[in-house]
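For reference, input_7.txt (compact mmCIF, C-alpha atoms and all ligand atoms):
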```txt
# COMPACT_ATOMS: atom_id res chain seq x y z
CA ALA W 1 82.18 211.06 30.95
CA LEU W 2 79.24 209.96 28.86
CA ARG W 3 80.29 212.33 26.13
CA GLY W 4 78.60 211.70 22.82
CA SER W 5 76.52 208.90 24.23
CA PHE W 6 73.24 210.61 24.82
CA ALA W 7 70.16 209.62 22.98
CA GLN W 8 69.49 210.39 19.38
CA LYS W 9 68.67 214.05 18.82
CA ALA W 10 65.44 214.99 17.07
CA GLN W 11 66.04 215.60 13.38
CA LYS W 12 65.04 218.78 11.65
CA PRO W 13 62.46 218.24 8.88
CA ASN W 14 64.11 217.34 5.56
CA GLN W 15 67.41 216.54 7.20
CA SER W 16 68.70 213.17 6.17
CA SER W 17 70.73 211.12 8.60
CA HIS W 18 74.44 210.99 7.95
CA HIS W 19 75.59 207.43 8.19
CA GLY W 20 79.24 207.08 9.01
CA LEU W 21 79.36 210.10 11.28
CA GLN W 22 78.08 208.07 14.19
CA LEU W 23 80.23 205.76 16.27
CA GLN W 24 79.73 202.16 15.26
CA ALA W 25 77.54 200.15 17.62
CA SER W 26 79.27 196.82 17.85
CA TYR W 27 79.87 195.77 21.46
CA LYS W 28 77.88 193.39 23.63
CA VAL W 29 77.32 194.25 27.28
CA ALA W 30 75.71 192.06 29.97
CA ILE W 31 74.38 193.27 33.33
CA LEU W 32 74.01 190.60 36.05
CA GLY W 33 71.54 191.85 38.65
CA ALA W 34 69.83 194.03 36.05
CA ALA W 35 66.45 194.29 37.78
CA GLY W 36 67.90 195.88 40.93
CA GLY W 37 68.26 199.41 42.18
CA ILE W 38 71.55 199.90 40.35
CA GLY W 39 70.83 197.50 37.51
CA GLN W 40 67.81 199.32 36.10
CA PRO W 41 69.18 202.87 35.77
CA LEU W 42 72.52 201.38 34.66
CA ALA W 43 70.73 199.47 31.90
CA LEU W 44 69.04 202.69 30.80
CA LEU W 45 72.34 204.59 30.63
CA ILE W 46 74.03 201.79 28.68
CA LYS W 47 71.03 201.60 26.33
CA MET W 48 71.95 205.19 25.40
CA SER W 49 75.48 204.29 24.32
CA PRO W 50 76.12 204.44 20.56
CA LEU W 51 78.87 201.82 21.00
CA VAL W 52 76.57 199.04 22.21
CA SER W 53 74.85 196.65 19.79
CA ALA W 54 73.48 194.16 22.32
CA LEU W 55 72.46 194.64 25.93
CA ASN W 56 71.80 191.39 27.81
CA LEU W 57 69.95 191.76 31.09
CA TYR W 58 70.13 188.97 33.69
CA ASP W 59 68.54 188.62 37.10
CA ILE W 60 66.92 185.91 39.21
CA ALA W 61 63.53 187.68 38.84
CA ASN W 62 61.67 190.66 37.37
CA VAL W 63 63.95 191.26 34.42
CA LYS W 64 61.43 190.63 31.62
CA GLY W 65 59.59 193.87 32.27
CA VAL W 66 62.77 195.91 32.52
CA ALA W 67 63.93 194.59 29.15
CA ALA W 68 60.53 195.06 27.46
CA ASP W 69 60.40 198.64 28.72
CA LEU W 70 63.96 199.54 27.68
CA SER W 71 63.64 197.85 24.30
CA HIS W 72 61.25 200.62 23.18
CA CYS W 73 63.99 203.26 23.29
CA ASN W 74 65.10 203.94 19.72
CA THR W 75 68.83 203.60 20.33
CA PRO W 76 70.98 201.02 18.52
CA SER W 77 71.28 198.19 21.04
CA GLN W 78 69.02 195.18 21.07
CA VAL W 79 67.86 194.38 24.61
CA LEU W 80 67.33 190.76 25.67
CA ASP W 81 66.23 189.36 29.04
CA PHE W 82 67.53 186.27 30.82
CA THR W 83 66.01 184.92 34.05
CA GLY W 84 67.52 182.38 36.41
CA ALA W 85 70.54 180.10 36.38
CA SER W 86 69.40 178.08 33.35
CA GLU W 87 69.57 181.20 31.13
CA LEU W 88 72.79 182.67 32.52
CA GLY W 89 75.10 180.94 30.03
CA ASN W 90 73.19 182.26 27.03
CA CYS W 91 73.20 185.74 28.51
CA LEU W 92 77.00 185.73 28.58
CA LYS W 93 77.92 184.21 25.21
CA GLY W 94 79.99 186.58 23.08
CA VAL W 95 79.82 189.40 25.60
CA ASN W 96 82.64 192.01 25.69
CA VAL W 97 81.86 193.66 29.02
CA VAL W 98 80.09 192.04 32.00
CA VAL W 99 78.87 194.31 34.79
CA ILE W 100 77.95 192.71 38.13
CA PRO W 101 75.71 194.72 40.48
CA ALA W 102 73.95 191.57 41.81
CA GLY W 103 73.60 191.19 45.55
CA VAL W 104 72.17 192.85 48.63
CA PRO W 105 72.81 196.51 49.47
CA ARG W 106 73.53 198.01 52.90
CA LYS W 107 70.90 199.12 55.41
CA PRO W 108 71.56 201.73 58.14
CA GLY W 109 74.07 200.44 60.68
CA MET W 110 75.66 197.96 58.27
CA THR W 111 79.19 198.14 56.89
CA ARG W 112 80.05 196.87 53.44
CA ASP W 113 81.73 193.92 55.14
CA ASP W 114 78.40 192.90 56.69
CA LEU W 115 77.27 192.00 53.17
CA PHE W 116 80.09 189.51 52.76
CA ASN W 117 78.32 186.19 53.35
CA ILE W 118 75.49 186.73 50.89
CA ASN W 119 77.33 188.60 48.17
CA ALA W 120 80.46 186.42 48.21
CA ASN W 121 78.40 183.43 47.09
CA ILE W 122 76.52 185.41 44.45
CA VAL W 123 79.72 186.81 42.93
CA LYS W 124 81.38 183.38 42.99
CA THR W 125 78.49 181.75 41.11
CA LEU W 126 78.22 184.53 38.55
CA VAL W 127 81.96 184.69 37.85
CA GLU W 128 82.06 180.91 37.34
CA ALA W 129 79.53 181.39 34.56
CA VAL W 130 81.56 184.26 33.11
CA ALA W 131 84.64 182.00 33.07
CA ASP W 132 82.70 179.29 31.23
CA ASN W 133 80.97 181.52 28.68
CA CYS W 134 82.95 184.72 28.01
CA PRO W 135 86.42 184.32 29.55
CA ASP W 136 87.79 187.17 27.43
CA ALA W 137 85.31 189.77 28.65
CA PHE W 138 86.16 192.77 30.82
CA ILE W 139 84.54 192.06 34.21
CA HIS W 140 83.26 195.00 36.27
CA VAL W 141 82.47 194.01 39.87
CA ILE W 142 80.13 196.39 41.69
CA SER W 143 78.76 194.00 44.38
CA ASN W 144 80.11 194.86 47.83
CA PRO W 145 82.38 194.45 49.68
CA VAL W 146 84.43 195.17 46.55
CA ASN W 147 87.63 194.84 48.62
CA SER W 148 86.76 191.12 48.99
CA THR W 149 84.55 190.33 45.98
CA VAL W 150 87.28 191.22 43.48
CA PRO W 151 89.81 188.82 45.09
CA ILE W 152 87.02 186.18 45.10
CA ALA W 153 86.45 186.74 41.39
CA ALA W 154 90.19 186.44 40.73
CA GLU W 155 90.38 183.11 42.61
CA VAL W 156 87.37 181.71 40.75
CA LEU W 157 88.89 182.70 37.41
CA LYS W 158 92.23 181.12 38.43
CA GLN W 159 90.46 177.90 39.42
CA LYS W 160 88.88 177.88 35.96
CA GLY W 161 92.26 178.59 34.33
CA VAL W 162 91.11 181.78 32.61
CA TYR W 163 92.27 184.57 34.93
CA ASP W 164 93.51 187.66 33.12
CA PRO W 165 94.34 190.29 35.77
CA LYS W 166 94.20 192.99 33.10
CA LYS W 167 90.49 192.41 32.61
CA LEU W 168 89.14 192.19 36.17
CA PHE W 169 88.01 195.48 37.70
CA GLY W 170 86.43 196.49 41.00
CA VAL W 171 84.26 199.49 40.23
CA THR W 172 85.39 202.44 42.38
CA THR W 173 84.30 205.12 39.93
CA LEU W 174 81.66 206.36 42.36
CA ASP W 175 84.40 207.39 44.78
CA VAL W 176 85.97 209.52 42.03
CA VAL W 177 82.60 210.95 41.02
CA ARG W 178 81.87 211.90 44.64
CA ALA W 179 85.33 213.37 45.19
CA ASN W 180 85.01 215.47 42.03
CA THR W 181 81.58 216.74 43.08
CA PHE W 182 82.49 217.59 46.67
CA VAL W 183 85.74 219.33 45.73
CA ALA W 184 84.06 221.38 43.01
CA GLU W 185 81.32 222.44 45.45
CA LYS W 186 83.76 223.35 48.19
CA LYS W 187 86.12 225.29 45.92
CA ASN W 188 83.53 226.75 43.60
CA LEU W 189 85.08 225.12 40.53
CA LYS W 190 83.41 224.14 37.31
CA LEU W 191 82.47 220.51 37.86
CA ILE W 192 83.42 219.30 34.43
CA ASP W 193 87.06 220.37 34.98
CA VAL W 194 87.66 218.70 38.35
CA ASP W 195 89.42 215.35 38.57
CA VAL W 196 90.52 213.74 41.85
CA PRO W 197 92.27 210.36 41.76
CA VAL W 198 91.04 208.00 44.47
CA ILE W 199 93.24 205.07 45.50
CA GLY W 200 93.29 202.19 48.00
CA GLY W 201 90.04 200.27 48.29
CA HIS W 202 86.29 200.79 48.40
CA ALA W 203 85.22 200.90 52.06
CA GLY W 204 85.65 203.44 54.86
CA ILE W 205 89.26 204.46 55.47
CA THR W 206 90.49 202.28 52.60
CA ILE W 207 89.05 204.94 50.25
CA LEU W 208 91.86 207.47 49.88
CA PRO W 209 91.20 210.54 47.71
CA LEU W 210 94.49 212.12 46.61
CA LEU W 211 93.39 215.71 47.04
CA SER W 212 96.98 216.90 46.57
CA LYS W 213 96.71 215.59 43.00
CA THR W 214 93.43 217.32 42.19
CA LYS W 215 93.25 218.78 38.72
CA PRO W 216 93.13 221.73 38.27
CA SER W 217 95.56 222.18 41.15
CA VAL W 218 93.87 223.64 44.24
CA ARG W 219 95.02 224.55 47.71
CA PHE W 220 93.20 223.13 50.71
CA SER W 221 93.59 224.10 54.36
CA ASP W 222 94.31 221.22 56.74
CA GLU W 223 90.74 221.47 57.97
CA GLU W 224 89.33 221.29 54.44
CA LEU W 225 91.52 218.27 53.65
CA GLU W 226 90.28 216.41 56.68
CA GLN W 227 86.62 217.31 56.09
CA LEU W 228 86.67 216.44 52.40
CA THR W 229 88.52 213.16 52.91
CA ILE W 230 86.09 212.02 55.60
CA ARG W 231 83.07 213.10 53.56
CA ILE W 232 84.27 211.15 50.51
CA GLN W 233 84.96 208.08 52.66
CA ASN W 234 81.52 208.23 54.28
CA ALA W 235 79.50 209.38 51.29
CA GLY W 236 77.96 205.94 50.84
CA THR W 237 76.74 206.00 54.43
CA GLU W 238 75.22 209.48 53.82
CA VAL W 239 73.00 207.87 51.17
CA VAL W 240 72.27 204.70 53.20
CA GLU W 241 71.06 206.86 56.10
CA ALA W 242 69.01 209.21 53.91
CA LYS W 243 67.32 206.21 52.28
CA ALA W 244 66.57 204.92 55.81
CA GLY W 245 66.34 201.21 55.08
CA ALA W 246 65.50 201.38 51.37
CA GLY W 247 69.06 200.54 50.26
CA SER W 248 72.26 202.30 49.26
CA ALA W 249 73.38 204.50 46.38
CA THR W 250 71.76 203.38 43.13
CA LEU W 251 71.40 206.39 40.80
CA SER W 252 74.83 207.93 41.33
CA MET W 253 76.25 204.39 41.27
CA ALA W 254 74.55 203.69 37.95
CA TYR W 255 75.96 206.94 36.58
CA ALA W 256 79.46 206.01 37.77
CA ALA W 257 79.22 202.44 36.47
CA ALA W 258 77.98 203.68 33.10
CA ARG W 259 81.02 205.96 32.90
CA PHE W 260 83.29 202.99 33.56
CA VAL W 261 81.50 200.89 30.93
CA GLU W 262 81.72 203.72 28.39
CA SER W 263 85.45 204.10 29.13
CA SER W 264 85.96 200.36 28.67
CA LEU W 265 84.09 200.41 25.36
CA ARG W 266 86.12 203.37 24.10
CA ALA W 267 89.31 201.49 25.05
CA LEU W 268 88.09 198.35 23.26
CA ASP W 269 87.30 200.54 20.28
CA GLY W 270 90.91 201.76 20.07
CA ASP W 271 90.79 205.13 21.86
CA GLY W 272 94.35 205.52 23.17
CA ASP W 273 93.56 208.04 25.87
CA VAL W 274 91.37 206.31 28.44
CA TYR W 275 92.21 206.45 32.15
CA GLU W 276 90.04 205.38 35.10
CA CYS W 277 90.60 204.55 38.75
CA SER W 278 89.75 200.95 39.59
CA PHE W 279 90.44 198.28 42.23
CA VAL W 280 92.66 195.79 40.39
CA GLN W 281 95.50 193.31 40.84
CA SER W 282 98.44 195.59 41.45
CA ASP W 283 102.12 195.75 42.26
CA LEU W 284 102.15 199.44 43.19
CA THR W 285 102.15 198.57 46.93
CA ASP W 286 102.79 195.39 48.89
CA LEU W 287 99.07 194.52 48.67
CA PRO W 288 97.97 192.15 45.89
CA PHE W 289 94.98 194.32 44.95
CA PHE W 290 94.84 198.08 45.07
CA ALA W 291 92.78 200.85 43.50
CA SER W 292 94.62 203.39 41.41
CA ARG W 293 94.45 205.06 38.03
CA VAL W 294 94.97 202.65 35.15
CA LYS W 295 95.28 203.20 31.42
CA LEU W 296 92.74 201.10 29.53
CA GLY W 297 93.32 199.60 26.10
CA ARG W 298 91.92 196.90 23.83
CA LYS W 299 93.29 194.14 26.06
CA GLY W 300 92.28 195.65 29.37
CA ILE W 301 94.79 197.41 31.60
CA GLU W 302 97.56 198.69 29.36
CA ALA W 303 99.57 200.46 32.06
CA MET W 304 99.59 201.30 35.73
CA ILE W 305 100.63 204.83 36.69
CA PRO W 306 103.24 204.44 39.46
CA SER W 307 103.90 208.20 39.53
CA ASP W 308 100.40 208.69 41.00
CA LEU W 309 101.70 207.23 44.26
CA GLN W 310 104.78 209.41 44.33
CA GLY W 311 104.91 212.87 45.87
CA LEU W 312 101.95 212.31 48.18
CA SER W 313 101.30 214.83 50.94
CA GLU W 314 102.21 213.87 54.48
CA TYR W 315 98.50 213.46 55.28
CA GLU W 316 98.09 211.06 52.34
CA GLU W 317 101.22 209.07 53.19
CA LYS W 318 99.90 208.50 56.70
CA ALA W 319 96.42 207.61 55.47
CA LEU W 320 97.94 205.17 52.97
CA GLU W 321 99.85 203.34 55.69
CA ALA W 322 96.76 203.38 57.94
CA LEU W 323 94.49 201.78 55.35
CA LYS W 324 96.77 198.89 54.48
CA PRO W 325 95.97 196.50 57.38
CA GLU W 326 92.20 196.78 56.83
CA LEU W 327 92.48 196.39 53.07
CA LYS W 328 94.86 193.45 53.45
CA ALA W 329 92.40 191.71 55.80
CA SER W 330 89.49 192.20 53.38
CA ILE W 331 91.53 190.85 50.47
CA GLU W 332 92.62 187.82 52.50
CA LYS W 333 89.05 187.19 53.62
CA GLY W 334 87.96 187.03 49.97
CA ILE W 335 90.80 184.73 48.94
CA ALA W 336 90.19 182.41 51.90
CA PHE W 337 86.48 182.20 51.06
CA ALA W 338 87.17 181.25 47.46
CA GLN W 339 89.85 178.72 48.35
CA LYS W 340 87.82 176.83 50.92
CA GLN W 341 84.96 176.25 48.45
CA PRO W 342 84.86 172.91 46.67
P1 LIG J 1 69.20 195.67 44.87
O1 LIG J 1 68.80 194.74 45.96
O2 LIG J 1 68.29 196.78 44.53
O3 LIG J 1 69.47 194.85 43.53
C1 LIG J 1 70.24 193.70 43.50
C2 LIG J 1 69.72 192.82 42.40
O4 LIG J 1 70.54 191.65 42.37
C3 LIG J 1 68.27 192.35 42.61
O5 LIG J 1 67.51 192.62 41.43
C4 LIG J 1 68.41 190.86 42.85
O6 LIG J 1 67.32 190.10 42.34
C5 LIG J 1 69.69 190.56 42.10
N1 LIG J 1 70.31 189.30 42.51
C6 LIG J 1 70.41 188.74 43.72
N2 LIG J 1 71.02 187.54 43.64
C7 LIG J 1 71.33 187.35 42.34
C8 LIG J 1 71.98 186.33 41.63
N3 LIG J 1 72.44 185.23 42.23
N4 LIG J 1 72.13 186.48 40.30
C9 LIG J 1 71.69 187.59 39.68
N5 LIG J 1 71.07 188.59 40.30
C10 LIG J 1 70.90 188.48 41.62
O7 LIG J 1 70.66 196.23 45.26
P2 LIG J 1 71.46 197.47 44.61
O8 LIG J 1 71.13 198.70 45.36
O9 LIG J 1 71.27 197.43 43.14
O10 LIG J 1 72.97 197.08 45.00
C11 LIG J 1 73.62 195.97 44.42
C12 LIG J 1 75.03 195.80 44.97
O11 LIG J 1 75.86 196.89 44.60
C13 LIG J 1 75.12 195.70 46.49
O12 LIG J 1 76.04 194.69 46.83
C14 LIG J 1 75.68 197.05 46.89
O13 LIG J 1 76.38 197.00 48.11
C15 LIG J 1 76.61 197.32 45.74
N6 LIG J 1 77.01 198.72 45.60
C16 LIG J 1 78.28 199.00 45.16
C17 LIG J 1 78.72 200.28 45.01
C18 LIG J 1 80.10 200.53 44.51
O14 LIG J 1 80.53 201.70 44.53
N7 LIG J 1 80.85 199.54 44.02
C19 LIG J 1 77.85 201.43 45.33
C20 LIG J 1 76.53 201.05 45.70
C21 LIG J 1 76.13 199.74 45.86
```
Could you rewrite the structure in this file as structure tokens?
Amino acid sequence: ALRGSFAQKAQKPNQSSHHGLQLQASYKVAILGAAGGIGQPLALLIKMSPLVSALNLYDIANVKGVAADLSHCNTPSQVLDFTGASELGNCLKGVNVVVIPAGVPRKPGMTRDDLFNINANIVKTLVEAVADNCPDAFIHVISNPVNSTVPIAAEVLKQKGVYDPKKLFGVTTLDVVRANTFVAEKKNLKLIDVDVPVIGGHAGITILPLLSKTKPSVRFSDEELEQLTIRIQNAGTEVVEAKAGAGSATLSMAYAAARFVESSLRALDGDGDVYECSFVQSDLTDLPFFASRVKLGRKGIEAMIPSDLQGLSEYEEKALEALKPELKASIEKGIAFAQKQP
């Protein structure tokens, strides 16, 4: 995932550095909501990327200290801080990848949909600024409910006349990360080898891990399938309850988001073999947005992988049909919100 991205290794005495062997740091990344629970560890992980030359951190408060602290790490990127609406435009100028973890997280008893009213407005405002300042950037939406905030972002970009569906992504990488971890634990597999595609959306039953398509191929009993699927769908709630009021997943989320950023940067840099699951505009089903594996390239999504939705198990077929009404409603809720705004 973060292969090759970890911090500079200590040099042996007398060893000179070999310029040209390192990946070229040349991309600009912005994090909106950078002082938050996800934003801070995410900023740290991105600061470690050899592909990043500038890391712009934006929040409505408390971002100066985060940037000052991170800027002392001797990795290539220059870290700058931006506070409040008046500095948002400058934060976004010339940026290649914008990551949006701004918003409120869940507390025990809340669903992701309960966050809608607050986070819908935050995402709308931030994406308007993205449209005005870096309309060509890849946009990674983390703020929940992703099933609605991504359609909101799409509407805002359309209203601004700069919507490119190949460059708007709902970040569902954490669902894949969790599925990989839980399957490896259950089946005693080496974690690094396990890859489970996760499709649908990013809330409750809309999260559908395709365990039948696990690599390497593994057999599950019906009971294991049911248990694993439910655990992956409720994994966020596991963390919300363990944190008991202090928020939702932040560290594993930052790890997952950093993987998605690194994949995007590798794609921008010309790597022709980059695949990630993401919640995107899609024609794979009758829903306008759907999470599935996509191939990433310099211009965003280069290809969808329709074969991923073929040959599903009976259990998965049923679950796919069952998730559609809920996902459809969440998408429509997002679109309606964005369309009724002036
Ligand atoms: P947090 O409350 O720790 O941090 C949020 C940050 O956003 C704060 O620093 C806050 O000042 C900032 N913020 C609020 N309004 C803003 C605005 N208008 N502009 C810029 N920044 C603003 O929350 P946390 O734990 O970092 O979660 C952030 C979001 O990520 C939540 O919506 C949460 O539900 C979502 N999330 C998504 C996941 C996914 O898999 N996609 C997983 C976990 C959380």
Kindly compute an axis-aligned box around the listed atoms of ligand LIG 1 (chain J), allowing 5 Å on each side, and express its centre and edge lengths in Å to one decimal as AutoDock Vina command-line options.
```
--center_x 74.1 --center_y 193.5 --center_z 43.9 --size_x 23.5 --size_y 26.5 --size_z 18.4
```
Distance filter 6 Å around ligand LIG 1 (chain J), atoms: all atoms listed in the file, out as a compact mmCIF listing (two decimals) with C-alpha atoms, keeping the file's coordinate frame:
```
# COMPACT_ATOMS: atom_id res chain seq x y z
CA LEU W 32 74.01 190.60 36.05
CA GLY W 33 71.54 191.85 38.65
CA ALA W 35 66.45 194.29 37.78
CA GLY W 36 67.90 195.88 40.93
CA GLY W 37 68.26 199.41 42.18
CA ILE W 38 71.55 199.90 40.35
CA GLY W 39 70.83 197.50 37.51
CA ASP W 59 68.54 188.62 37.10
CA ILE W 60 66.92 185.91 39.21
CA ALA W 61 63.53 187.68 38.84
CA PRO W 101 75.71 194.72 40.48
CA ALA W 102 73.95 191.57 41.81
CA GLY W 103 73.60 191.19 45.55
CA VAL W 104 72.17 192.85 48.63
CA PRO W 105 72.81 196.51 49.47
CA ARG W 106 73.53 198.01 52.90
CA ILE W 122 76.52 185.41 44.45
CA ILE W 142 80.13 196.39 41.69
CA SER W 143 78.76 194.00 44.38
CA ASN W 144 80.11 194.86 47.83
CA VAL W 171 84.26 199.49 40.23
CA THR W 172 85.39 202.44 42.38
CA LEU W 174 81.66 206.36 42.36
CA GLY W 247 69.06 200.54 50.26
CA SER W 248 72.26 202.30 49.26
CA ALA W 249 73.38 204.50 46.38
CA THR W 250 71.76 203.38 43.13
CA MET W 253 76.25 204.39 41.27
```
Please provide as a count of residues only all residues within 12 Å of Ala184 of chain W, with the sequence filter that same-chain residues fewer than 6 positions apart are discarded (counting only C-alpha atoms).
16
Ranking W:Pro209, W:Gly300, W:Pro325, W:Pro108 by minimum distance to Thr237 of chain W and counting only C-alpha atoms, which one comes first?
W:Pro108
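Here atom CA of Val97 of chain W stands at a distance of 6.1 Å from atom CA of Ile139 of chain W.
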Given all atoms listed in the file as the basis, pick out the residue of W:Leu312, W:Ala34, W:Val130, W:Leu168 nearest to Asn90 of chain W.
W:Val130
What would the list of residues within 12 Å of (89.4, 218.3, 53.1) (file frame) look like as an NGL selection string, if all atoms listed in the file are what count?
:W and (179 or 182-187 or 208-212 or 214 or 218-233 or 315-316)
Among W:Gln40, W:Ser282, W:Ser49, W:Ser263, Thr173 of chain W is approached most closely, using all atoms listed in the file, by W:Ser263
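Our summary of the geometry notes that atom CA of Ala336 of chain W is positioned 8.4 Å from atom CA of Ile152 of chain W.
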Between atom CA of Val123 of chain W and atom CA of Ser148 of chain W - distance in Å to one decimal
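Value for the atom CA of Ser148 of chain W-atom CA of Val123 of chain W distance: 10.2 Å.
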Nearest residue to Tyr275 of chain W from the set W:Thr111, W:Gln339, W:Ser292, W:Thr181 (distances using all atoms listed in the file)
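The answer is W:Ser292, which sits nearest to Tyr275 of chain W.
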Contact residues around Leu265 of chain W with all atoms listed in the file at 12 Å, ignoring same-chain residues under 3 positions, as number ranges by chain
W: 2, 5, 23-29, 46, 49-53, 95-98, 137-138, 258-262, 268-272, 274, 296-300
With all atoms listed in the file as the atoms that count, which of W:Ala67, W:Val294, W:Leu157, W:Lys167 lies nearest to Leu44 of chain W?
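Among the listed residues, the smallest separation from Leu44 of chain W belongs to W:Ala67.
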I'd like the contact shell of Tyr58 of chain W - 9 Å cut-off, only C-alpha atoms, skipping same-chain residues fewer than 5 positions apart - returned as a PyMOL selection string.
chain W and resi 30-35+63+80-84+87-88+91
Give me, as a count of residues only, all polymer residues having an atom no more than 12 Å from Ala322 of chain W, counting all atoms listed in the file and skipping those fewer than 3 positions away in the same chain.
15
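Considering all atoms listed in the file, the residue among W:Ala257, W:Ile305, W:Ile118, W:Ala329 positioned nearest to Ala43 of chain W is W:Ala257.
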